[in-house]
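Enquirer: Just structure.cif, nothing more (mmCIF, C-alpha atoms and all ligand atoms):
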data_coords
loop_
_atom_site.label_atom_id
_atom_site.label_comp_id
_atom_site.auth_asym_id
_atom_site.auth_seq_id
_atom_site.Cartn_x
_atom_site.Cartn_y
_atom_site.Cartn_z
CA MET A 1288 0.00 0.00 0.00
CA ARG A 1289 2.74 2.40 0.97
CA HIS A 1290 4.66 1.48 -2.13
CA ARG A 1291 1.72 2.51 -4.39
CA TRP A 1292 1.44 5.88 -2.58
CA MET A 1293 5.12 6.56 -3.31
CA VAL A 1294 4.67 5.75 -7.03
CA TRP A 1295 1.72 8.15 -7.34
CA THR A 1296 3.61 10.94 -5.55
CA GLY A 1297 6.64 10.37 -7.76
CA MET A 1298 4.54 10.55 -10.94
CA PHE A 1299 2.80 13.71 -9.69
CA VAL A 1300 6.11 15.46 -8.96
CA MET A 1301 7.42 14.41 -12.37
CA LEU A 1302 4.33 15.80 -14.16
CA ILE A 1303 4.56 19.12 -12.31
CA THR A 1304 8.27 19.36 -13.19
CA MET A 1305 7.52 18.66 -16.85
CA ALA A 1306 4.70 21.24 -16.91
CA VAL A 1307 6.91 23.94 -15.37
CA PHE A 1308 9.68 23.12 -17.83
CA ALA A 1309 7.28 23.23 -20.82
CA ALA A 1310 5.85 26.57 -19.70
CA GLN A 1311 9.28 28.21 -19.75
CA LYS A 1312 10.03 30.28 -22.83
CA VAL A 1313 13.01 29.06 -24.78
CA TYR A 1314 15.26 31.96 -25.67
CA GLN A 1315 17.85 31.83 -28.41
CA TRP A 1316 20.30 33.80 -26.27
CA ASP A 1317 20.94 33.99 -22.53
CA ILE A 1318 20.50 37.39 -20.90
CA HIS A 1319 23.68 39.43 -21.43
CA ASP A 1320 25.04 36.70 -23.70
CA VAL A 1321 28.45 37.84 -24.97
CA ASN A 1322 28.15 35.39 -27.88
CA ARG A 1323 25.14 37.22 -29.26
CA PRO A 1324 26.14 38.84 -32.62
CA GLN A 1325 27.23 42.45 -32.29
CA PRO A 1326 25.05 44.98 -34.17
CA ARG A 1327 26.68 46.14 -37.40
CA ILE A 1328 28.43 49.52 -37.15
CA VAL A 1329 26.90 52.33 -39.24
CA ALA A 1330 28.49 55.76 -39.14
CA PRO A 1331 25.74 58.36 -38.82
CA GLY A 1332 25.80 61.42 -41.08
CA ALA A 1333 27.38 64.60 -39.72
CA GLU A 1334 23.82 65.83 -39.30
CA ASP A 1335 20.88 63.48 -38.80
CA ARG A 1336 19.44 64.46 -42.15
CA LEU A 1337 22.59 63.47 -44.04
CA PRO A 1338 22.91 59.93 -45.40
CA PRO A 1339 24.55 57.34 -43.14
CA SER A 1340 27.31 55.17 -44.57
CA ASP A 1341 25.09 52.35 -45.82
CA ALA A 1342 22.40 54.49 -47.46
CA ILE A 1343 21.72 54.53 -51.20
CA VAL A 1344 21.62 58.19 -52.19
CA LEU A 1345 18.73 58.74 -54.59
CA PHE A 1346 19.25 62.48 -55.02
CA ASP A 1347 22.22 64.54 -53.88
CA GLY A 1348 21.11 67.81 -55.42
CA LYS A 1349 23.06 67.40 -58.67
CA ASP A 1350 21.19 65.23 -61.16
CA LEU A 1351 18.28 62.85 -61.72
CA SER A 1352 20.39 59.88 -62.85
CA SER A 1353 18.72 57.59 -60.27
CA TRP A 1354 15.26 58.44 -61.63
CA ARG A 1355 13.15 57.89 -64.73
CA SER A 1356 9.86 59.23 -65.97
CA ASP A 1357 6.75 57.19 -65.21
CA LYS A 1358 5.18 58.68 -68.31
CA ASP A 1359 7.44 57.24 -70.99
CA GLY A 1360 10.10 55.34 -69.01
CA GLY A 1361 12.77 57.73 -70.28
CA GLU A 1362 14.76 60.42 -68.47
CA ALA A 1363 13.05 62.14 -65.55
CA LYS A 1364 12.24 65.61 -66.87
CA TRP A 1365 11.93 67.55 -63.62
CA LYS A 1366 13.98 70.71 -63.03
CA VAL A 1367 17.23 70.51 -61.05
CA GLU A 1368 18.75 73.71 -59.66
CA ASN A 1369 20.37 75.03 -56.47
CA GLY A 1370 20.59 71.56 -54.92
CA TYR A 1371 16.94 70.63 -55.28
CA MET A 1372 14.64 69.08 -57.88
CA GLU A 1373 11.31 70.68 -58.71
CA VAL A 1374 8.15 69.23 -60.23
CA VAL A 1375 7.55 70.19 -63.85
CA PRO A 1376 3.78 70.20 -64.38
CA GLY A 1377 2.81 67.75 -67.09
CA ALA A 1378 6.12 65.85 -66.91
CA GLY A 1379 4.57 63.00 -64.94
CA ASP A 1380 5.58 61.16 -61.78
CA ILE A 1381 9.18 60.04 -61.40
CA LEU A 1382 10.33 56.58 -60.31
CA THR A 1383 13.66 55.34 -59.03
CA ARG A 1384 15.55 53.19 -61.50
CA GLN A 1385 16.25 50.74 -58.69
CA ALA A 1386 13.46 48.72 -57.06
CA PHE A 1387 13.03 48.41 -53.29
CA GLY A 1388 10.93 46.45 -50.81
CA SER A 1389 11.05 47.19 -47.09
CA CYS A 1390 13.10 50.30 -46.47
CA GLN A 1391 13.94 53.39 -44.45
CA VAL A 1392 13.62 56.58 -46.49
CA HIS A 1393 14.66 60.17 -45.82
CA ILE A 1394 13.27 62.88 -48.09
CA GLU A 1395 13.01 66.65 -47.78
CA TRP A 1396 10.39 68.75 -49.52
CA ALA A 1397 9.08 72.29 -49.77
CA THR A 1398 5.80 73.54 -51.14
CA PRO A 1399 5.78 76.87 -53.04
CA ASP A 1400 6.36 79.96 -50.91
CA VAL A 1401 3.68 81.79 -52.88
CA VAL A 1402 0.44 80.50 -51.38
CA ALA A 1403 -2.26 79.80 -53.93
CA GLY A 1404 -5.29 77.54 -53.76
CA SER A 1405 -6.66 75.79 -50.71
CA GLY A 1406 -7.28 72.29 -49.42
CA GLN A 1407 -5.85 69.71 -51.81
CA THR A 1408 -4.84 72.35 -54.38
CA ARG A 1409 -1.99 73.86 -52.34
CA GLY A 1410 1.38 72.27 -53.06
CA ASN A 1411 0.07 68.75 -53.60
CA SER A 1412 2.52 65.96 -54.31
CA GLY A 1413 3.28 62.65 -52.64
CA VAL A 1414 5.95 60.08 -51.96
CA TYR A 1415 5.26 56.38 -52.44
CA PRO A 1416 7.26 53.45 -51.09
CA MET A 1417 6.95 50.69 -53.73
CA GLY A 1418 5.21 53.20 -56.00
CA CYS A 1419 1.74 52.52 -54.60
CA TYR A 1420 1.55 53.52 -50.91
CA GLU A 1421 1.32 57.32 -50.71
CA VAL A 1422 2.48 59.54 -47.89
CA GLN A 1423 0.81 62.80 -48.84
CA VAL A 1424 2.86 65.93 -49.50
CA LEU A 1425 0.78 69.10 -49.13
CA ASP A 1426 1.00 72.60 -47.69
CA SER A 1427 -0.96 71.83 -44.50
CA TYR A 1428 0.14 74.96 -42.67
CA ARG A 1429 -3.10 76.78 -41.80
CA ASN A 1430 -4.75 74.91 -44.64
CA GLN A 1431 -7.51 72.49 -43.73
CA THR A 1432 -8.55 69.58 -45.87
CA TYR A 1433 -9.93 66.13 -45.17
CA PRO A 1434 -7.63 64.75 -42.43
CA ASP A 1435 -6.70 61.56 -44.27
CA GLY A 1436 -5.46 63.72 -47.13
CA GLN A 1437 -3.35 66.32 -45.32
CA ALA A 1438 0.44 66.39 -45.20
CA ALA A 1439 1.91 63.23 -43.62
CA SER A 1440 -1.32 61.29 -43.98
CA ILE A 1441 -1.26 57.86 -45.51
CA TYR A 1442 -3.55 59.02 -48.24
CA GLY A 1443 -7.17 58.00 -47.79
CA GLN A 1444 -6.38 55.81 -44.79
CA SER A 1445 -4.66 57.42 -41.84
CA PRO A 1446 -4.44 61.10 -40.80
CA PRO A 1447 -1.15 62.06 -39.13
CA LEU A 1448 -1.16 61.85 -35.30
CA VAL A 1449 -0.34 65.57 -35.23
CA ASN A 1450 0.11 68.33 -37.79
CA ALA A 1451 3.86 69.03 -37.65
CA SER A 1452 3.85 71.21 -40.79
CA ARG A 1453 6.24 74.07 -41.37
CA GLY A 1454 5.12 77.06 -43.41
CA PRO A 1455 5.03 77.27 -47.20
CA GLY A 1456 8.44 77.52 -48.88
CA GLN A 1457 10.22 76.03 -45.86
CA TRP A 1458 12.12 72.77 -46.05
CA GLN A 1459 10.39 69.88 -44.29
CA SER A 1460 11.39 66.25 -43.89
CA TYR A 1461 9.89 62.80 -43.85
CA ASP A 1462 11.60 59.81 -42.36
CA ILE A 1463 9.66 56.72 -43.34
CA ILE A 1464 10.03 53.14 -42.15
CA PHE A 1465 8.15 50.91 -44.53
CA HIS A 1466 7.65 47.17 -44.36
CA ALA A 1467 6.52 45.66 -47.62
CA PRO A 1468 3.40 43.51 -47.84
CA VAL A 1469 3.85 39.80 -48.43
CA PHE A 1470 1.77 37.99 -51.03
CA GLN A 1471 1.51 34.26 -51.47
CA ASP A 1472 -0.31 32.44 -54.27
CA GLY A 1473 -1.92 35.72 -55.35
CA ARG A 1474 -3.26 36.45 -51.86
CA LEU A 1475 -2.21 38.88 -49.15
CA LYS A 1476 -0.28 36.99 -46.49
CA LYS A 1477 0.98 39.98 -44.48
CA PRO A 1478 -0.05 43.65 -44.87
CA ALA A 1479 2.42 46.51 -45.27
CA THR A 1480 3.20 48.77 -42.31
CA MET A 1481 4.45 52.34 -42.23
CA THR A 1482 5.98 54.55 -39.56
CA VAL A 1483 6.52 58.21 -40.46
CA LEU A 1484 8.30 61.11 -38.78
CA HIS A 1485 7.42 64.58 -40.12
CA ASN A 1486 10.08 67.15 -39.26
CA GLY A 1487 11.31 64.69 -36.62
CA VAL A 1488 7.86 64.24 -35.05
CA LEU A 1489 6.13 60.85 -35.00
CA VAL A 1490 3.01 61.11 -37.18
CA GLN A 1491 2.35 57.50 -38.25
CA ASP A 1492 3.11 54.83 -35.67
CA HIS A 1493 3.47 51.46 -37.38
CA TRP A 1494 0.22 51.92 -39.32
CA VAL A 1495 -1.03 48.69 -40.87
CA LEU A 1496 -1.94 49.60 -44.44
CA GLU A 1497 -5.38 48.70 -45.75
CA GLY A 1498 -3.94 48.43 -49.25
CA MET A 1499 -2.55 50.63 -51.99
CA THR A 1500 -3.66 54.24 -51.60
CA LEU A 1501 -6.39 55.22 -54.06
CA HIS A 1502 -8.18 58.51 -54.60
CA GLN A 1503 -11.82 57.64 -55.36
CA GLU A 1504 -12.05 54.25 -53.71
CA ARG A 1505 -11.10 52.63 -50.44
CA ALA A 1506 -7.66 51.13 -50.36
CA ARG A 1507 -7.21 47.56 -51.49
CA TYR A 1508 -4.29 45.25 -52.10
CA GLU A 1509 -3.30 44.02 -55.48
CA PRO A 1510 -0.52 41.43 -55.52
CA HIS A 1511 2.78 42.83 -56.78
CA ALA A 1512 6.48 42.10 -56.96
CA ASP A 1513 8.69 41.93 -53.84
CA LYS A 1514 10.56 45.04 -54.98
CA LEU A 1515 9.26 48.06 -56.87
CA PRO A 1516 10.51 51.60 -57.60
CA PHE A 1517 9.99 54.46 -55.14
CA ARG A 1518 7.72 57.12 -56.63
CA ILE A 1519 7.30 60.90 -56.33
CA GLN A 1520 4.06 62.38 -57.58
CA GLU A 1521 3.65 65.15 -60.13
CA HIS A 1522 0.34 66.73 -59.22
CA GLY A 1523 0.83 69.95 -61.16
CA TYR A 1524 2.27 71.97 -58.26
CA LEU A 1525 5.83 73.34 -58.04
CA VAL A 1526 6.94 71.22 -55.09
CA ARG A 1527 10.68 70.85 -54.46
CA PHE A 1528 12.63 67.86 -53.13
CA ARG A 1529 16.17 67.39 -51.93
CA ASN A 1530 18.42 65.09 -49.92
CA ILE A 1531 16.75 61.78 -50.70
CA TRP A 1532 18.28 58.55 -49.43
CA ILE A 1533 17.10 55.04 -48.75
CA ARG A 1534 18.24 52.06 -46.69
CA PRO A 1535 16.81 48.72 -47.82
CA LEU A 1536 15.68 46.63 -44.83
CA GLU A 1537 15.77 42.87 -44.45
CA ASP A 1538 12.47 41.45 -43.24
MG MG A 1601 -0.67 63.75 -53.38
#
Please re-express this file's structure in structure tokens.
Expert:
Amino acid sequence: MRHRWMVWTGMFVMLITMAVFAAQKVYQWDIHDVNRPQPRIVAPGAEDRLPPSDAIVLFDGKDLSSWRSDKDGGEAKWKVENGYMEVVPGAGDILTRQAFGSCQVHIEWATPDVVAGSGQTRGNSGVYPMGCYEVQVLDSYRNQTYPDGQAASIYGQSPPLVNASRGPGQWQSYDIIFHAPVFQDGRLKKPATMTVLHNGVLVQDHWVLEGMTLHQERARYEPHADKLPFRIQEHGYLVRFRNIWIRPLED
């Protein structure tokens, strides 16, 4: 009788031990593990806005050699002067020659200093990771429009958390962290996400995109390649851009 009691107790203790062991999370590395790979060294730019050592510079103020026209696939026909590029109305959007997936992007822009129009017709342009997910560029300084279409909105989906706009004619910046959507067998497996800083202020916090940004309809996904060109919109307004660099990210 006593023997049986000892067997049951032993089995119970063993089961509890196994359960505790199974409940413990298995970590790849111990805490403070010196064998854990060291983060890669990247020298930051002399100023935060300048490209770090591993960035691909898409525009350094001199020429549009990294860009092509979306209209005819040929040379990008926007104006370059004084270290910036400027939209030429009618010349069409421009696309990078290189294709990118997930990435970190820095881009600076300025809407015209002469204020004309209101709402969406004041310095409208846009920047698009993968060519189809627009972060709106607009003069949103004392210029109301629908919130999901103002500067730093993810167009038609997500208004910025705050309006961090500088005045017309002033240089402004976007820092964008974009994670590409994943498609499998023609279906969306994982949506894209976007984090945006406008003039250094967080305005989109890991927003999960509803799809490609559209004007008249709600966003929807359409399966596309893993890498696509970065796009800047020509919307007929004399918007300027400078200091554009990108860091492809591994997902
Ligand atoms: Mg736009």
Enquirer: Counting all atoms listed in the file, what are the residues, protein, DNA or RNA alike, that approach ligand MG 1601 (chain A) to within 8 Å? I want them as a tab-separated table (two decimals) with C-alpha atoms, keeping the file's coordinate frame.
Expert:
chain	number	residue	atom	x	y	z
A	1411	ASN	CA	0.07	68.75	-53.60
A	1412	SER	CA	2.52	65.96	-54.31
A	1413	GLY	CA	3.28	62.65	-52.64
A	1414	VAL	CA	5.95	60.08	-51.96
A	1421	GLU	CA	1.32	57.32	-50.71
A	1422	VAL	CA	2.48	59.54	-47.89
A	1423	GLN	CA	0.81	62.80	-48.84
A	1424	VAL	CA	2.86	65.93	-49.50
A	1425	LEU	CA	0.78	69.10	-49.13
A	1436	GLY	CA	-5.46	63.72	-47.13
A	1442	TYR	CA	-3.55	59.02	-48.24
A	1520	GLN	CA	4.06	62.38	-57.58
A	1522	HIS	CA	0.34	66.73	-59.22
Enquirer: Write out as a list in words which residues come within 10 Å of Glu1537 in chain A when counting all atoms listed in the file, dropping same-chain ones fewer than 2 positions away.
Expert: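 What passes the distance filter is Gly1388, Ser1389, Cys1390, His1466, Arg1534 and Pro1535 of chain A.
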Enquirer: Near range 1507-1510 of chain A, counting only C-alpha atoms, which residues have an atom at most 8 Å away, once you skip same-chain residues fewer than 4 positions from it, shown as JSON, numbers by chain?
Expert: {"A": [1470, 1473, 1474, 1475, 1497, 1498, 1499, 1500]}
Enquirer: Of the candidates A:Val1392, A:Val1344, A:Ala1479, A:Val1490, which shows the shortest atom-to-atom distance to Pro1446 in chain A, using all atoms listed in the file?
Expert: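 Counting all atoms listed in the file, the residue closest to Pro1446 in chain A is A:Val1490.
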Enquirer: Out of A:Pro1331, A:Arg1409, A:Gly1377, A:Pro1416, which residue has the shortest atom-to-atom distance to Arg1429 in chain A when counting only C-alpha atoms?
Expert: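 Using only C-alpha atoms, Arg1429 in chain A sits closest to A:Arg1409.
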Enquirer: Which neighbours of Val1526 in chain A fall inside 12 Å, counting all atoms listed in the file, when residues of the same chain fewer than 4 positions from it are skipped, and could you give them as number ranges by chain?
Expert: A: 1365-1367, 1371-1376, 1395-1402, 1408-1414, 1424-1426, 1455-1459, 1519-1522
Enquirer: For the selection just defined, write its residues with C-alpha atoms to a file, as a PDB file, in the coordinates of the input.
Expert:
ATOM      1  CA  TRP A1365      11.930  67.550 -63.620  1.00  0.00           C
ATOM      2  CA  LYS A1366      13.980  70.710 -63.030  1.00  0.00           C
ATOM      3  CA  VAL A1367      17.230  70.510 -61.050  1.00  0.00           C
ATOM      4  CA  TYR A1371      16.940  70.630 -55.280  1.00  0.00           C
ATOM      5  CA  MET A1372      14.640  69.080 -57.880  1.00  0.00           C
ATOM      6  CA  GLU A1373      11.310  70.680 -58.710  1.00  0.00           C
ATOM      7  CA  VAL A1374       8.150  69.230 -60.230  1.00  0.00           C
ATOM      8  CA  VAL A1375       7.550  70.190 -63.850  1.00  0.00           C
ATOM      9  CA  PRO A1376       3.780  70.200 -64.380  1.00  0.00           C
ATOM     10  CA  GLU A1395      13.010  66.650 -47.780  1.00  0.00           C
ATOM     11  CA  TRP A1396      10.390  68.750 -49.520  1.00  0.00           C
ATOM     12  CA  ALA A1397       9.080  72.290 -49.770  1.00  0.00           C
ATOM     13  CA  THR A1398       5.800  73.540 -51.140  1.00  0.00           C
ATOM     14  CA  PRO A1399       5.780  76.870 -53.040  1.00  0.00           C
ATOM     15  CA  ASP A1400       6.360  79.960 -50.910  1.00  0.00           C
ATOM     16  CA  VAL A1401       3.680  81.790 -52.880  1.00  0.00           C
ATOM     17  CA  VAL A1402       0.440  80.500 -51.380  1.00  0.00           C
ATOM     18  CA  THR A1408      -4.840  72.350 -54.380  1.00  0.00           C
ATOM     19  CA  ARG A1409      -1.990  73.860 -52.340  1.00  0.00           C
ATOM     20  CA  GLY A1410       1.380  72.270 -53.060  1.00  0.00           C
ATOM     21  CA  ASN A1411       0.070  68.750 -53.600  1.00  0.00           C
ATOM     22  CA  SER A1412       2.520  65.960 -54.310  1.00  0.00           C
ATOM     23  CA  GLY A1413       3.280  62.650 -52.640  1.00  0.00           C
ATOM     24  CA  VAL A1414       5.950  60.080 -51.960  1.00  0.00           C
ATOM     25  CA  VAL A1424       2.860  65.930 -49.500  1.00  0.00           C
ATOM     26  CA  LEU A1425       0.780  69.100 -49.130  1.00  0.00           C
ATOM     27  CA  ASP A1426       1.000  72.600 -47.690  1.00  0.00           C
ATOM     28  CA  PRO A1455       5.030  77.270 -47.200  1.00  0.00           C
ATOM     29  CA  GLY A1456       8.440  77.520 -48.880  1.00  0.00           C
ATOM     30  CA  GLN A1457      10.220  76.030 -45.860  1.00  0.00           C
ATOM     31  CA  TRP A1458      12.120  72.770 -46.050  1.00  0.00           C
ATOM     32  CA  GLN A1459      10.390  69.880 -44.290  1.00  0.00           C
ATOM     33  CA  ILE A1519       7.300  60.900 -56.330  1.00  0.00           C
ATOM     34  CA  GLN A1520       4.060  62.380 -57.580  1.00  0.00           C
ATOM     35  CA  GLU A1521       3.650  65.150 -60.130  1.00  0.00           C
ATOM     36  CA  HIS A1522       0.340  66.730 -59.220  1.00  0.00           C
TER      37      HIS A1522
END
Enquirer: In Å, with one decimal, what is the gap from CA of Arg1518 in chain A to CA of Ile1381 in chain A?
Expert: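 CA of Arg1518 in chain A sits 5.8 Å away from CA of Ile1381 in chain A.
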Enquirer: Would you please work out which residue, of A:Phe1346, A:Tyr1433, A:Phe1387, A:Phe1517, is nearest to Tyr1420 in chain A when using all atoms listed in the file?
Expert: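 The closest residue to Tyr1420 in chain A is A:Phe1517.
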Enquirer: Would you mind reading off the distance between CA of Leu1496 in chain A and CA of Ala1467 in chain A, one decimal, in Å?
Expert: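 Separation of CA of Leu1496 in chain A and CA of Ala1467 in chain A: 9.9 Å.
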Enquirer: Given the choices A:Leu1337, A:Val1483, A:Ala1363, A:Met1293, which gets closest to Gly1379 in chain A if the distance is worked out from all atoms listed in the file?
Expert: A:Ala1363
Enquirer: Pick the closest to Lys1514 in chain A from A:Arg1327, A:Lys1364, A:His1319, A:Arg1384: which is it, counting only C-alpha atoms?
Expert: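 Of A:Arg1327, A:Lys1364, A:His1319, A:Arg1384, the one nearest Lys1514 in chain A is A:Arg1384, counting only C-alpha atoms.
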Enquirer: Taking only C-alpha atoms into account, name the residue in A:Ser1340, A:Ser1352, A:Ser1460, A:Gln1311 that is nearest to Ile1531 in chain A.
Expert: A:Ser1460
Enquirer: Have a look at CA of Gly1418 in chain A and CA of Ala1439 in chain A and let me know their distance in Å, one decimal.
Expert: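 Between CA of Gly1418 in chain A and CA of Ala1439 in chain A the gap is 16.3 Å.
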Enquirer: First collect every listed atom of range 1509-1513 of chain A; then fit an axis-aligned box around them, widen it by 3 Å on each side, and give centre and edge lengths in Å to one decimal, as JSON.
Expert:
{"center_x": 2.7, "center_y": 42.7, "center_z": -55.4, "size_x": 18.0, "size_y": 8.6, "size_z": 9.1}
Enquirer: What's around Tyr1428 in chain A at 9 Å? Count all atoms listed in the file, leave out sequence neighbours fewer than 3 positions away in its own chain, and write the answer as JSON, numbers by chain.
Expert: {"A": [1425, 1431, 1438, 1450, 1451, 1452, 1453, 1454, 1455]}
